[in-house]
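Peer 1: Hey, dropping structure.pdb in here, PDB, N, CA and C atoms, pLDDT in the B column:
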```pdb
ATOM      1  N   MET A   1       0.851  -1.179   0.000  1.00 69.00           N
ATOM      2  CA  MET A   1       0.000   0.000   0.000  1.00 69.00           C
ATOM      3  C   MET A   1       0.894   1.239   0.000  1.00 69.00           C
ATOM      4  N   GLU A   2       0.563   2.185  -0.830  1.00 87.00           N
ATOM      5  CA  GLU A   2       1.316   3.420  -0.888  1.00 87.00           C
ATOM      6  C   GLU A   2       0.584   4.525  -0.149  1.00 87.00           C
ATOM      7  N   THR A   3       1.333   5.541   0.180  1.00 93.00           N
ATOM      8  CA  THR A   3       0.787   6.704   0.862  1.00 93.00           C
ATOM      9  C   THR A   3       0.931   7.904  -0.064  1.00 93.00           C
ATOM     10  N   GLU A   4      -0.104   8.731  -0.103  1.00 95.00           N
ATOM     11  CA  GLU A   4      -0.104   9.912  -0.967  1.00 95.00           C
ATOM     12  C   GLU A   4      -0.423  11.140  -0.131  1.00 95.00           C
ATOM     13  N   ILE A   5       0.327  12.186  -0.337  1.00 96.00           N
ATOM     14  CA  ILE A   5       0.017  13.477   0.273  1.00 96.00           C
ATOM     15  C   ILE A   5      -1.030  14.119  -0.633  1.00 96.00           C
ATOM     16  N   THR A   6      -2.226  14.344  -0.091  1.00 97.00           N
ATOM     17  CA  THR A   6      -3.305  14.867  -0.926  1.00 97.00           C
ATOM     18  C   THR A   6      -3.459  16.378  -0.834  1.00 97.00           C
ATOM     19  N   ASN A   7      -2.964  16.981   0.263  1.00 97.00           N
ATOM     20  CA  ASN A   7      -3.080  18.429   0.405  1.00 97.00           C
ATOM     21  C   ASN A   7      -2.144  18.902   1.517  1.00 97.00           C
ATOM     22  N   ILE A   8      -1.573  20.059   1.320  1.00 97.00           N
ATOM     23  CA  ILE A   8      -0.809  20.742   2.375  1.00 97.00           C
ATOM     24  C   ILE A   8      -1.447  22.111   2.515  1.00 97.00           C
ATOM     25  N   SER A   9      -1.960  22.397   3.700  1.00 97.00           N
ATOM     26  CA  SER A   9      -2.622  23.673   3.956  1.00 97.00           C
ATOM     27  C   SER A   9      -1.814  24.449   4.991  1.00 97.00           C
ATOM     28  N   PRO A  10      -2.189  25.675   5.279  1.00 96.00           N
ATOM     29  CA  PRO A  10      -1.495  26.425   6.332  1.00 96.00           C
ATOM     30  C   PRO A  10      -1.617  25.769   7.711  1.00 96.00           C
ATOM     31  N   ASN A  11      -2.588  24.867   7.865  1.00 97.00           N
ATOM     32  CA  ASN A  11      -2.815  24.231   9.163  1.00 97.00           C
ATOM     33  C   ASN A  11      -2.227  22.836   9.297  1.00 97.00           C
ATOM     34  N   GLY A  12      -1.903  22.197   8.172  1.00 97.00           N
ATOM     35  CA  GLY A  12      -1.372  20.853   8.266  1.00 97.00           C
ATOM     36  C   GLY A  12      -1.378  20.112   6.949  1.00 97.00           C
ATOM     37  N   ILE A  13      -1.274  18.787   7.055  1.00 98.00           N
ATOM     38  CA  ILE A  13      -1.107  17.914   5.898  1.00 98.00           C
ATOM     39  C   ILE A  13      -2.220  16.872   5.874  1.00 98.00           C
ATOM     40  N   TRP A  14      -2.792  16.657   4.699  1.00 98.00           N
ATOM     41  CA  TRP A  14      -3.751  15.575   4.486  1.00 98.00           C
ATOM     42  C   TRP A  14      -3.017  14.465   3.760  1.00 98.00           C
ATOM     43  N   ILE A  15      -3.132  13.226   4.274  1.00 97.00           N
ATOM     44  CA  ILE A  15      -2.512  12.091   3.613  1.00 97.00           C
ATOM     45  C   ILE A  15      -3.549  10.996   3.386  1.00 97.00           C
ATOM     46  N   LEU A  16      -3.340  10.232   2.336  1.00 96.00           N
ATOM     47  CA  LEU A  16      -4.188   9.085   2.025  1.00 96.00           C
ATOM     48  C   LEU A  16      -3.322   7.842   2.163  1.00 96.00           C
ATOM     49  N   THR A  17      -3.691   6.964   3.095  1.00 93.00           N
ATOM     50  CA  THR A  17      -2.960   5.722   3.318  1.00 93.00           C
ATOM     51  C   THR A  17      -3.916   4.668   3.847  1.00 93.00           C
ATOM     52  N   GLU A  18      -3.691   3.446   3.468  1.00 88.00           N
ATOM     53  CA  GLU A  18      -4.538   2.332   3.900  1.00 88.00           C
ATOM     54  C   GLU A  18      -6.027   2.595   3.628  1.00 88.00           C
ATOM     55  N   GLY A  19      -6.321   3.321   2.557  1.00 91.00           N
ATOM     56  CA  GLY A  19      -7.703   3.623   2.211  1.00 91.00           C
ATOM     57  C   GLY A  19      -8.350   4.669   3.098  1.00 91.00           C
ATOM     58  N   LYS A  20      -7.553   5.344   3.930  1.00 93.00           N
ATOM     59  CA  LYS A  20      -8.072   6.374   4.844  1.00 93.00           C
ATOM     60  C   LYS A  20      -7.409   7.706   4.522  1.00 93.00           C
ATOM     61  N   GLU A  21      -8.188   8.784   4.618  1.00 96.00           N
ATOM     62  CA  GLU A  21      -7.596  10.108   4.513  1.00 96.00           C
ATOM     63  C   GLU A  21      -7.453  10.652   5.930  1.00 96.00           C
ATOM     64  N   LEU A  22      -6.229  11.008   6.273  1.00 96.00           N
ATOM     65  CA  LEU A  22      -5.908  11.462   7.628  1.00 96.00           C
ATOM     66  C   LEU A  22      -5.344  12.869   7.586  1.00 96.00           C
ATOM     67  N   PHE A  23      -5.568  13.620   8.661  1.00 97.00           N
ATOM     68  CA  PHE A  23      -5.048  14.977   8.771  1.00 97.00           C
ATOM     69  C   PHE A  23      -4.003  15.041   9.875  1.00 97.00           C
ATOM     70  N   MET A  24      -2.862  15.637   9.558  1.00 96.00           N
ATOM     71  CA  MET A  24      -1.811  15.871  10.551  1.00 96.00           C
ATOM     72  C   MET A  24      -1.652  17.378  10.710  1.00 96.00           C
ATOM     73  N   SER A  25      -2.118  17.896  11.836  1.00 96.00           N
ATOM     74  CA  SER A  25      -2.001  19.342  12.058  1.00 96.00           C
ATOM     75  C   SER A  25      -0.551  19.694  12.393  1.00 96.00           C
ATOM     76  N   PHE A  26      -0.146  20.886  12.006  1.00 96.00           N
ATOM     77  CA  PHE A  26       1.204  21.343  12.339  1.00 96.00           C
ATOM     78  C   PHE A  26       1.349  21.573  13.841  1.00 96.00           C
ATOM     79  N   GLU A  27       0.245  21.824  14.512  1.00 93.00           N
ATOM     80  CA  GLU A  27       0.294  21.993  15.966  1.00 93.00           C
ATOM     81  C   GLU A  27       0.670  20.679  16.642  1.00 93.00           C
ATOM     82  N   THR A  28       0.104  19.591  16.164  1.00 92.00           N
ATOM     83  CA  THR A  28       0.371  18.282  16.746  1.00 92.00           C
ATOM     84  C   THR A  28       1.644  17.653  16.186  1.00 92.00           C
ATOM     85  N   PHE A  29       1.939  17.916  14.928  1.00 94.00           N
ATOM     86  CA  PHE A  29       3.109  17.352  14.252  1.00 94.00           C
ATOM     87  C   PHE A  29       3.984  18.498  13.723  1.00 94.00           C
ATOM     88  N   PRO A  30       4.646  19.231  14.626  1.00 93.00           N
ATOM     89  CA  PRO A  30       5.357  20.455  14.249  1.00 93.00           C
ATOM     90  C   PRO A  30       6.578  20.242  13.357  1.00 93.00           C
ATOM     91  N   TRP A  31       7.069  19.034  13.268  1.00 93.00           N
ATOM     92  CA  TRP A  31       8.274  18.752  12.477  1.00 93.00           C
ATOM     93  C   TRP A  31       8.062  19.009  11.001  1.00 93.00           C
ATOM     94  N   PHE A  32       6.822  19.002  10.560  1.00 96.00           N
ATOM     95  CA  PHE A  32       6.512  19.189   9.146  1.00 96.00           C
ATOM     96  C   PHE A  32       6.298  20.658   8.762  1.00 96.00           C
ATOM     97  N   LYS A  33       6.100  21.512   9.737  1.00 95.00           N
ATOM     98  CA  LYS A  33       5.655  22.894   9.476  1.00 95.00           C
ATOM     99  C   LYS A  33       6.557  23.656   8.508  1.00 95.00           C
ATOM    100  N   ASP A  34       7.845  23.583   8.678  1.00 95.00           N
ATOM    101  CA  ASP A  34       8.756  24.355   7.831  1.00 95.00           C
ATOM    102  C   ASP A  34       9.424  23.496   6.756  1.00 95.00           C
ATOM    103  N   ALA A  35       8.955  22.278   6.593  1.00 97.00           N
ATOM    104  CA  ALA A  35       9.533  21.379   5.594  1.00 97.00           C
ATOM    105  C   ALA A  35       9.034  21.726   4.195  1.00 97.00           C
ATOM    106  N   SER A  36       9.864  21.465   3.212  1.00 97.00           N
ATOM    107  CA  SER A  36       9.466  21.729   1.826  1.00 97.00           C
ATOM    108  C   SER A  36       8.433  20.697   1.363  1.00 97.00           C
ATOM    109  N   VAL A  37       7.707  21.055   0.327  1.00 96.00           N
ATOM    110  CA  VAL A  37       6.719  20.147  -0.254  1.00 96.00           C
ATOM    111  C   VAL A  37       7.410  18.860  -0.709  1.00 96.00           C
ATOM    112  N   ALA A  38       8.581  18.984  -1.296  1.00 97.00           N
ATOM    113  CA  ALA A  38       9.313  17.802  -1.774  1.00 97.00           C
ATOM    114  C   ALA A  38       9.655  16.862  -0.627  1.00 97.00           C
ATOM    115  N   LYS A  39      10.077  17.400   0.491  1.00 97.00           N
ATOM    116  CA  LYS A  39      10.428  16.555   1.642  1.00 97.00           C
ATOM    117  C   LYS A  39       9.188  15.916   2.263  1.00 97.00           C
ATOM    118  N   ILE A  40       8.105  16.657   2.336  1.00 97.00           N
ATOM    119  CA  ILE A  40       6.863  16.098   2.874  1.00 97.00           C
ATOM    120  C   ILE A  40       6.330  15.019   1.932  1.00 97.00           C
ATOM    121  N   GLY A  41       6.443  15.240   0.640  1.00 96.00           N
ATOM    122  CA  GLY A  41       5.937  14.291  -0.336  1.00 96.00           C
ATOM    123  C   GLY A  41       6.738  13.014  -0.449  1.00 96.00           C
ATOM    124  N   ASN A  42       7.954  13.023   0.051  1.00 97.00           N
ATOM    125  CA  ASN A  42       8.802  11.830  -0.007  1.00 97.00           C
ATOM    126  C   ASN A  42       8.529  10.971   1.224  1.00 97.00           C
ATOM    127  N   VAL A  43       7.474  10.186   1.155  1.00 96.00           N
ATOM    128  CA  VAL A  43       7.066   9.333   2.275  1.00 96.00           C
ATOM    129  C   VAL A  43       7.089   7.881   1.820  1.00 96.00           C
ATOM    130  N   GLU A  44       7.640   7.034   2.668  1.00 95.00           N
ATOM    131  CA  GLU A  44       7.704   5.603   2.388  1.00 95.00           C
ATOM    132  C   GLU A  44       6.706   4.879   3.280  1.00 95.00           C
ATOM    133  N   THR A  45       6.052   3.869   2.731  1.00 94.00           N
ATOM    134  CA  THR A  45       5.045   3.109   3.462  1.00 94.00           C
ATOM    135  C   THR A  45       5.569   1.704   3.724  1.00 94.00           C
ATOM    136  N   TYR A  46       5.461   1.281   4.968  1.00 93.00           N
ATOM    137  CA  TYR A  46       5.895  -0.051   5.362  1.00 93.00           C
ATOM    138  C   TYR A  46       4.712  -0.811   5.962  1.00 93.00           C
ATOM    139  N   GLU A  47       4.939  -2.033   6.353  1.00 88.00           N
ATOM    140  CA  GLU A  47       3.878  -2.866   6.928  1.00 88.00           C
ATOM    141  C   GLU A  47       3.344  -2.280   8.227  1.00 88.00           C
ATOM    142  N   ASN A  48       2.158  -2.723   8.582  1.00 86.00           N
ATOM    143  CA  ASN A  48       1.523  -2.376   9.858  1.00 86.00           C
ATOM    144  C   ASN A  48       1.316  -0.877  10.049  1.00 86.00           C
ATOM    145  N   GLY A  49       1.032  -0.159   8.964  1.00 89.00           N
ATOM    146  CA  GLY A  49       0.720   1.255   9.094  1.00 89.00           C
ATOM    147  C   GLY A  49       1.892   2.137   9.469  1.00 89.00           C
ATOM    148  N   HIS A  50       3.100   1.699   9.163  1.00 94.00           N
ATOM    149  CA  HIS A  50       4.304   2.459   9.485  1.00 94.00           C
ATOM    150  C   HIS A  50       4.673   3.356   8.308  1.00 94.00           C
ATOM    151  N   LEU A  51       4.838   4.643   8.572  1.00 96.00           N
ATOM    152  CA  LEU A  51       5.201   5.631   7.563  1.00 96.00           C
ATOM    153  C   LEU A  51       6.537   6.254   7.931  1.00 96.00           C
ATOM    154  N   TYR A  52       7.363   6.505   6.916  1.00 97.00           N
ATOM    155  CA  TYR A  52       8.684   7.086   7.163  1.00 97.00           C
ATOM    156  C   TYR A  52       8.977   8.163   6.131  1.00 97.00           C
ATOM    157  N   TRP A  53       9.393   9.328   6.619  1.00 97.00           N
ATOM    158  CA  TRP A  53       9.828  10.439   5.776  1.00 97.00           C
ATOM    159  C   TRP A  53      11.348  10.504   5.870  1.00 97.00           C
ATOM    160  N   PRO A  54      12.077   9.890   4.925  1.00 97.00           N
ATOM    161  CA  PRO A  54      13.535   9.806   5.040  1.00 97.00           C
ATOM    162  C   PRO A  54      14.239  11.161   5.012  1.00 97.00           C
ATOM    163  N   ASP A  55      13.736  12.107   4.252  1.00 97.00           N
ATOM    164  CA  ASP A  55      14.382  13.428   4.188  1.00 97.00           C
ATOM    165  C   ASP A  55      14.252  14.199   5.496  1.00 97.00           C
ATOM    166  N   LEU A  56      13.259  13.848   6.298  1.00 97.00           N
ATOM    167  CA  LEU A  56      13.013  14.535   7.566  1.00 97.00           C
ATOM    168  C   LEU A  56      13.346  13.649   8.771  1.00 97.00           C
ATOM    169  N   ASP A  57      13.662  12.385   8.517  1.00 96.00           N
ATOM    170  CA  ASP A  57      13.935  11.383   9.554  1.00 96.00           C
ATOM    171  C   ASP A  57      12.789  11.321  10.569  1.00 96.00           C
ATOM    172  N   ILE A  58      11.572  11.190  10.037  1.00 96.00           N
ATOM    173  CA  ILE A  58      10.366  11.107  10.866  1.00 96.00           C
ATOM    174  C   ILE A  58       9.697   9.766  10.632  1.00 96.00           C
ATOM    175  N   ASP A  59       9.442   9.051  11.719  1.00 95.00           N
ATOM    176  CA  ASP A  59       8.723   7.782  11.709  1.00 95.00           C
ATOM    177  C   ASP A  59       7.398   7.982  12.425  1.00 95.00           C
ATOM    178  N   LEU A  60       6.304   7.610  11.800  1.00 95.00           N
ATOM    179  CA  LEU A  60       4.989   7.659  12.431  1.00 95.00           C
ATOM    180  C   LEU A  60       4.213   6.412  12.042  1.00 95.00           C
ATOM    181  N   THR A  61       3.190   6.125  12.804  1.00 94.00           N
ATOM    182  CA  THR A  61       2.261   5.063  12.434  1.00 94.00           C
ATOM    183  C   THR A  61       0.888   5.691  12.234  1.00 94.00           C
ATOM    184  N   VAL A  62       0.033   4.962  11.545  1.00 94.00           N
ATOM    185  CA  VAL A  62      -1.339   5.434  11.351  1.00 94.00           C
ATOM    186  C   VAL A  62      -1.998   5.637  12.713  1.00 94.00           C
ATOM    187  N   ASP A  63      -1.715   4.767  13.668  1.00 93.00           N
ATOM    188  CA  ASP A  63      -2.285   4.891  15.013  1.00 93.00           C
ATOM    189  C   ASP A  63      -1.888   6.209  15.673  1.00 93.00           C
ATOM    190  N   ILE A  64      -0.644   6.617  15.519  1.00 93.00           N
ATOM    191  CA  ILE A  64      -0.188   7.896  16.091  1.00 93.00           C
ATOM    192  C   ILE A  64      -0.931   9.061  15.433  1.00 93.00           C
ATOM    193  N   ILE A  65      -1.112   8.989  14.116  1.00 93.00           N
ATOM    194  CA  ILE A  65      -1.802  10.066  13.400  1.00 93.00           C
ATOM    195  C   ILE A  65      -3.279  10.119  13.790  1.00 93.00           C
ATOM    196  N   GLU A  66      -3.904   8.960  13.910  1.00 93.00           N
ATOM    197  CA  GLU A  66      -5.326   8.917  14.262  1.00 93.00           C
ATOM    198  C   GLU A  66      -5.582   9.253  15.723  1.00 93.00           C
ATOM    199  N   HIS A  67      -4.653   8.935  16.596  1.00 92.00           N
ATOM    200  CA  HIS A  67      -4.849   9.113  18.044  1.00 92.00           C
ATOM    201  C   HIS A  67      -3.626   9.759  18.694  1.00 92.00           C
ATOM    202  N   PRO A  68      -3.293  10.990  18.326  1.00 89.00           N
ATOM    203  CA  PRO A  68      -2.088  11.618  18.885  1.00 89.00           C
ATOM    204  C   PRO A  68      -2.161  11.804  20.405  1.00 89.00           C
ATOM    205  N   GLU A  69      -3.376  11.829  20.968  1.00 87.00           N
ATOM    206  CA  GLU A  69      -3.513  11.992  22.414  1.00 87.00           C
ATOM    207  C   GLU A  69      -2.927  10.798  23.184  1.00 87.00           C
ATOM    208  N   ARG A  70      -2.799   9.670  22.524  1.00 86.00           N
ATOM    209  CA  ARG A  70      -2.204   8.490  23.163  1.00 86.00           C
ATOM    210  C   ARG A  70      -0.679   8.549  23.179  1.00 86.00           C
ATOM    211  N   PHE A  71      -0.118   9.473  22.423  1.00 82.00           N
ATOM    212  CA  PHE A  71       1.328   9.607  22.277  1.00 82.00           C
ATOM    213  C   PHE A  71       1.727  11.061  22.517  1.00 82.00           C
ATOM    214  N   PRO A  72       1.689  11.525  23.767  1.00 75.00           N
ATOM    215  CA  PRO A  72       1.843  12.957  24.037  1.00 75.00           C
ATOM    216  C   PRO A  72       3.247  13.538  23.876  1.00 75.00           C
ATOM    217  N   LEU A  73       4.252  12.710  23.671  1.00 65.00           N
ATOM    218  CA  LEU A  73       5.618  13.225  23.567  1.00 65.00           C
ATOM    219  C   LEU A  73       5.788  13.945  22.239  1.00 65.00           C
ATOM    220  N   ILE A  74       6.093  15.221  22.301  1.00 56.00           N
ATOM    221  CA  ILE A  74       6.323  16.027  21.094  1.00 56.00           C
ATOM    222  C   ILE A  74       7.669  16.708  21.254  1.00 56.00           C
ATOM    223  N   ALA A  75       8.509  16.523  20.258  1.00 52.00           N
ATOM    224  CA  ALA A  75       9.813  17.196  20.231  1.00 52.00           C
ATOM    225  C   ALA A  75       9.803  18.210  19.105  1.00 52.00           C
ATOM    226  N   SER A  76      10.575  19.248  19.243  1.00 50.00           N
ATOM    227  CA  SER A  76      10.644  20.222  18.167  1.00 50.00           C
ATOM    228  C   SER A  76      12.075  20.607  17.885  1.00 50.00           C
TER     229      SER A  76
END
```
For this file, produce the structure as structure tokens.
Peer 2:
Amino acid sequence: METEITNISPNGIWILTEGKELFMSFETFPWFKDASVAKIGNVETYENGHLYWPDLDIDLTVDIIEHPERFPLIAS
């Protein structure tokens, strides 16, 4: 399954993965806020809902994106 960035807005990123469209707000996922479109668009999809942005060295899972309240650690 591949992941597609469907929109980047001033508030965050919309991605399509595993047949779901998910929103990642810049408030919750601040690492993406100042990243270029090319770096955000370079996302690799692995098994079990694991997503990796190699240019940004960011690893996330679909579960983290859907339920960020379960994973409160945020680094900037």
Peer 1: Please identify the strand (DSSP E) residues within chain A (assignment by DSSP from backbone atoms) and present them as number ranges by chain.
Peer 2: A: 4-9, 12-17, 20-25, 44-46, 50-53, 58-61
Peer 1: Excluding same-chain residues fewer than 2 positions from Ser36 of chain A, what lies within 12 Å of it counting only C-alpha atoms, as a VMD selection string?
Peer 2: chain A and resid 8 13 31 to 34 38 to 42 53 55 to 56
Peer 1: I need the chosen residues saved as a short mmCIF file (atom, residue, chain, number, x, y, z; two decimals), in the frame of the given file, with N, CA and C atoms.
Peer 2:
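Dumped everything to out25.cif:
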```cif
data_model
loop_
_atom_site.label_atom_id
_atom_site.label_comp_id
_atom_site.auth_asym_id
_atom_site.auth_seq_id
_atom_site.Cartn_x
_atom_site.Cartn_y
_atom_site.Cartn_z
N ILE A 8 -1.57 20.06 1.32
CA ILE A 8 -0.81 20.74 2.38
C ILE A 8 -1.45 22.11 2.52
N ILE A 13 -1.27 18.79 7.06
CA ILE A 13 -1.11 17.91 5.90
C ILE A 13 -2.22 16.87 5.87
N TRP A 31 7.07 19.03 13.27
CA TRP A 31 8.27 18.75 12.48
C TRP A 31 8.06 19.01 11.00
N PHE A 32 6.82 19.00 10.56
CA PHE A 32 6.51 19.19 9.15
C PHE A 32 6.30 20.66 8.76
N LYS A 33 6.10 21.51 9.74
CA LYS A 33 5.66 22.89 9.48
C LYS A 33 6.56 23.66 8.51
N ASP A 34 7.84 23.58 8.68
CA ASP A 34 8.76 24.36 7.83
C ASP A 34 9.42 23.50 6.76
N ALA A 38 8.58 18.98 -1.30
CA ALA A 38 9.31 17.80 -1.77
C ALA A 38 9.65 16.86 -0.63
N LYS A 39 10.08 17.40 0.49
CA LYS A 39 10.43 16.56 1.64
C LYS A 39 9.19 15.92 2.26
N ILE A 40 8.10 16.66 2.34
CA ILE A 40 6.86 16.10 2.87
C ILE A 40 6.33 15.02 1.93
N GLY A 41 6.44 15.24 0.64
CA GLY A 41 5.94 14.29 -0.34
C GLY A 41 6.74 13.01 -0.45
N ASN A 42 7.95 13.02 0.05
CA ASN A 42 8.80 11.83 -0.01
C ASN A 42 8.53 10.97 1.22
N TRP A 53 9.39 9.33 6.62
CA TRP A 53 9.83 10.44 5.78
C TRP A 53 11.35 10.50 5.87
N ASP A 55 13.74 12.11 4.25
CA ASP A 55 14.38 13.43 4.19
C ASP A 55 14.25 14.20 5.50
N LEU A 56 13.26 13.85 6.30
CA LEU A 56 13.01 14.54 7.57
C LEU A 56 13.35 13.65 8.77
#
```
Peer 1: Take atom N of Leu16 of chain A and atom N of Asp63 of chain A and report the distance between them in Å, one decimal.
Peer 2: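 So the two atoms, atom N of Leu16 of chain A and atom N of Asp63 of chain A, lie 12.7 Å apart.
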Peer 1: Got a sec to resolve the PyMOL selection byres ((chain A and resi 48) around 6.5) on this structure and send the residues as a list in words?
Peer 2: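 With the PyMOL selection byres ((chain A and resi 48) around 6.5) on this model, the match is Tyr46, Glu47, Gly49, His50, Thr61 and Val62 of chain A.
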Peer 1: Can you give me, as a compact mmCIF listing (two decimals) with N, CA and C atoms, keeping the file's coordinate frame, the residues this file yields under the PyMOL selection byres (((chain A and resi 17 and name CA) around 10) and name CA)?
Peer 2:
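The new file out_33.txt reads:
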```txt
# COMPACT_ATOMS: atom_id res chain seq x y z
N MET A 1 0.85 -1.18 0.00
CA MET A 1 0.00 0.00 0.00
C MET A 1 0.89 1.24 0.00
N GLU A 2 0.56 2.18 -0.83
CA GLU A 2 1.32 3.42 -0.89
C GLU A 2 0.58 4.53 -0.15
N THR A 3 1.33 5.54 0.18
CA THR A 3 0.79 6.70 0.86
C THR A 3 0.93 7.90 -0.06
N GLU A 4 -0.10 8.73 -0.10
CA GLU A 4 -0.10 9.91 -0.97
C GLU A 4 -0.42 11.14 -0.13
N ILE A 5 0.33 12.19 -0.34
CA ILE A 5 0.02 13.48 0.27
C ILE A 5 -1.03 14.12 -0.63
N TRP A 14 -2.79 16.66 4.70
CA TRP A 14 -3.75 15.58 4.49
C TRP A 14 -3.02 14.46 3.76
N ILE A 15 -3.13 13.23 4.27
CA ILE A 15 -2.51 12.09 3.61
C ILE A 15 -3.55 11.00 3.39
N LEU A 16 -3.34 10.23 2.34
CA LEU A 16 -4.19 9.09 2.02
C LEU A 16 -3.32 7.84 2.16
N GLU A 18 -3.69 3.45 3.47
CA GLU A 18 -4.54 2.33 3.90
C GLU A 18 -6.03 2.60 3.63
N GLY A 19 -6.32 3.32 2.56
CA GLY A 19 -7.70 3.62 2.21
C GLY A 19 -8.35 4.67 3.10
N LYS A 20 -7.55 5.34 3.93
CA LYS A 20 -8.07 6.37 4.84
C LYS A 20 -7.41 7.71 4.52
N GLU A 21 -8.19 8.78 4.62
CA GLU A 21 -7.60 10.11 4.51
C GLU A 21 -7.45 10.65 5.93
N LEU A 22 -6.23 11.01 6.27
CA LEU A 22 -5.91 11.46 7.63
C LEU A 22 -5.34 12.87 7.59
N THR A 45 6.05 3.87 2.73
CA THR A 45 5.04 3.11 3.46
C THR A 45 5.57 1.70 3.72
N GLY A 49 1.03 -0.16 8.96
CA GLY A 49 0.72 1.25 9.09
C GLY A 49 1.89 2.14 9.47
N LEU A 51 4.84 4.64 8.57
CA LEU A 51 5.20 5.63 7.56
C LEU A 51 6.54 6.25 7.93
N VAL A 62 0.03 4.96 11.54
CA VAL A 62 -1.34 5.43 11.35
C VAL A 62 -2.00 5.64 12.71
```
Peer 1: For the alpha helix (DSSP H) assignment from backbone DSSP, which residues of chain A qualify? Please present them as number ranges by chain.
Peer 2: A: 37-41, 62-66
Peer 1: Those residues you just picked out, can you put them in a file as a short mmCIF file (atom, residue, chain, number, x, y, z; two decimals), in the frame of the given file with N, CA and C atoms?
Peer 2:
```cif
data_model
loop_
_atom_site.label_atom_id
_atom_site.label_comp_id
_atom_site.auth_asym_id
_atom_site.auth_seq_id
_atom_site.Cartn_x
_atom_site.Cartn_y
_atom_site.Cartn_z
N VAL A 37 7.71 21.06 0.33
CA VAL A 37 6.72 20.15 -0.25
C VAL A 37 7.41 18.86 -0.71
N ALA A 38 8.58 18.98 -1.30
CA ALA A 38 9.31 17.80 -1.77
C ALA A 38 9.65 16.86 -0.63
N LYS A 39 10.08 17.40 0.49
CA LYS A 39 10.43 16.56 1.64
C LYS A 39 9.19 15.92 2.26
N ILE A 40 8.10 16.66 2.34
CA ILE A 40 6.86 16.10 2.87
C ILE A 40 6.33 15.02 1.93
N GLY A 41 6.44 15.24 0.64
CA GLY A 41 5.94 14.29 -0.34
C GLY A 41 6.74 13.01 -0.45
N VAL A 62 0.03 4.96 11.54
CA VAL A 62 -1.34 5.43 11.35
C VAL A 62 -2.00 5.64 12.71
N ASP A 63 -1.72 4.77 13.67
CA ASP A 63 -2.28 4.89 15.01
C ASP A 63 -1.89 6.21 15.67
N ILE A 64 -0.64 6.62 15.52
CA ILE A 64 -0.19 7.90 16.09
C ILE A 64 -0.93 9.06 15.43
N ILE A 65 -1.11 8.99 14.12
CA ILE A 65 -1.80 10.07 13.40
C ILE A 65 -3.28 10.12 13.79
N GLU A 66 -3.90 8.96 13.91
CA GLU A 66 -5.33 8.92 14.26
C GLU A 66 -5.58 9.25 15.72
#
```
Peer 1: A:Glu44, A:Pro30, A:Ala35, A:Asn11: which is nearest Asp59 of chain A, counting only C-alpha atoms?
Peer 2: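 The shortest atom-to-atom distance to Asp59 of chain A comes from A:Glu44.
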Peer 1: Could you check how far atom CA of Thr6 of chain A sits from atom CA of Arg70 of chain A, in Å to one decimal?
Peer 2: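 These two atoms are separated by 24.9 Å.
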Peer 1: Could you check how far atom C of Pro10 of chain A sits from atom C of Ile65 of chain A, in Å to one decimal?
Peer 2: 16.9 Å
Peer 1: Step by step, gather every atom of segment 31-41 of chain A that the file lists, find the box along x, y and z that holds them, add 5 Å on each side, and finally give centre and edge lengths in Å to one decimal, as AutoDock Vina command-line options.
Peer 2:
```
--center_x 8.0 --center_y 18.7 --center_z 5.7 --size_x 14.8 --size_y 21.3 --size_z 25.0
```
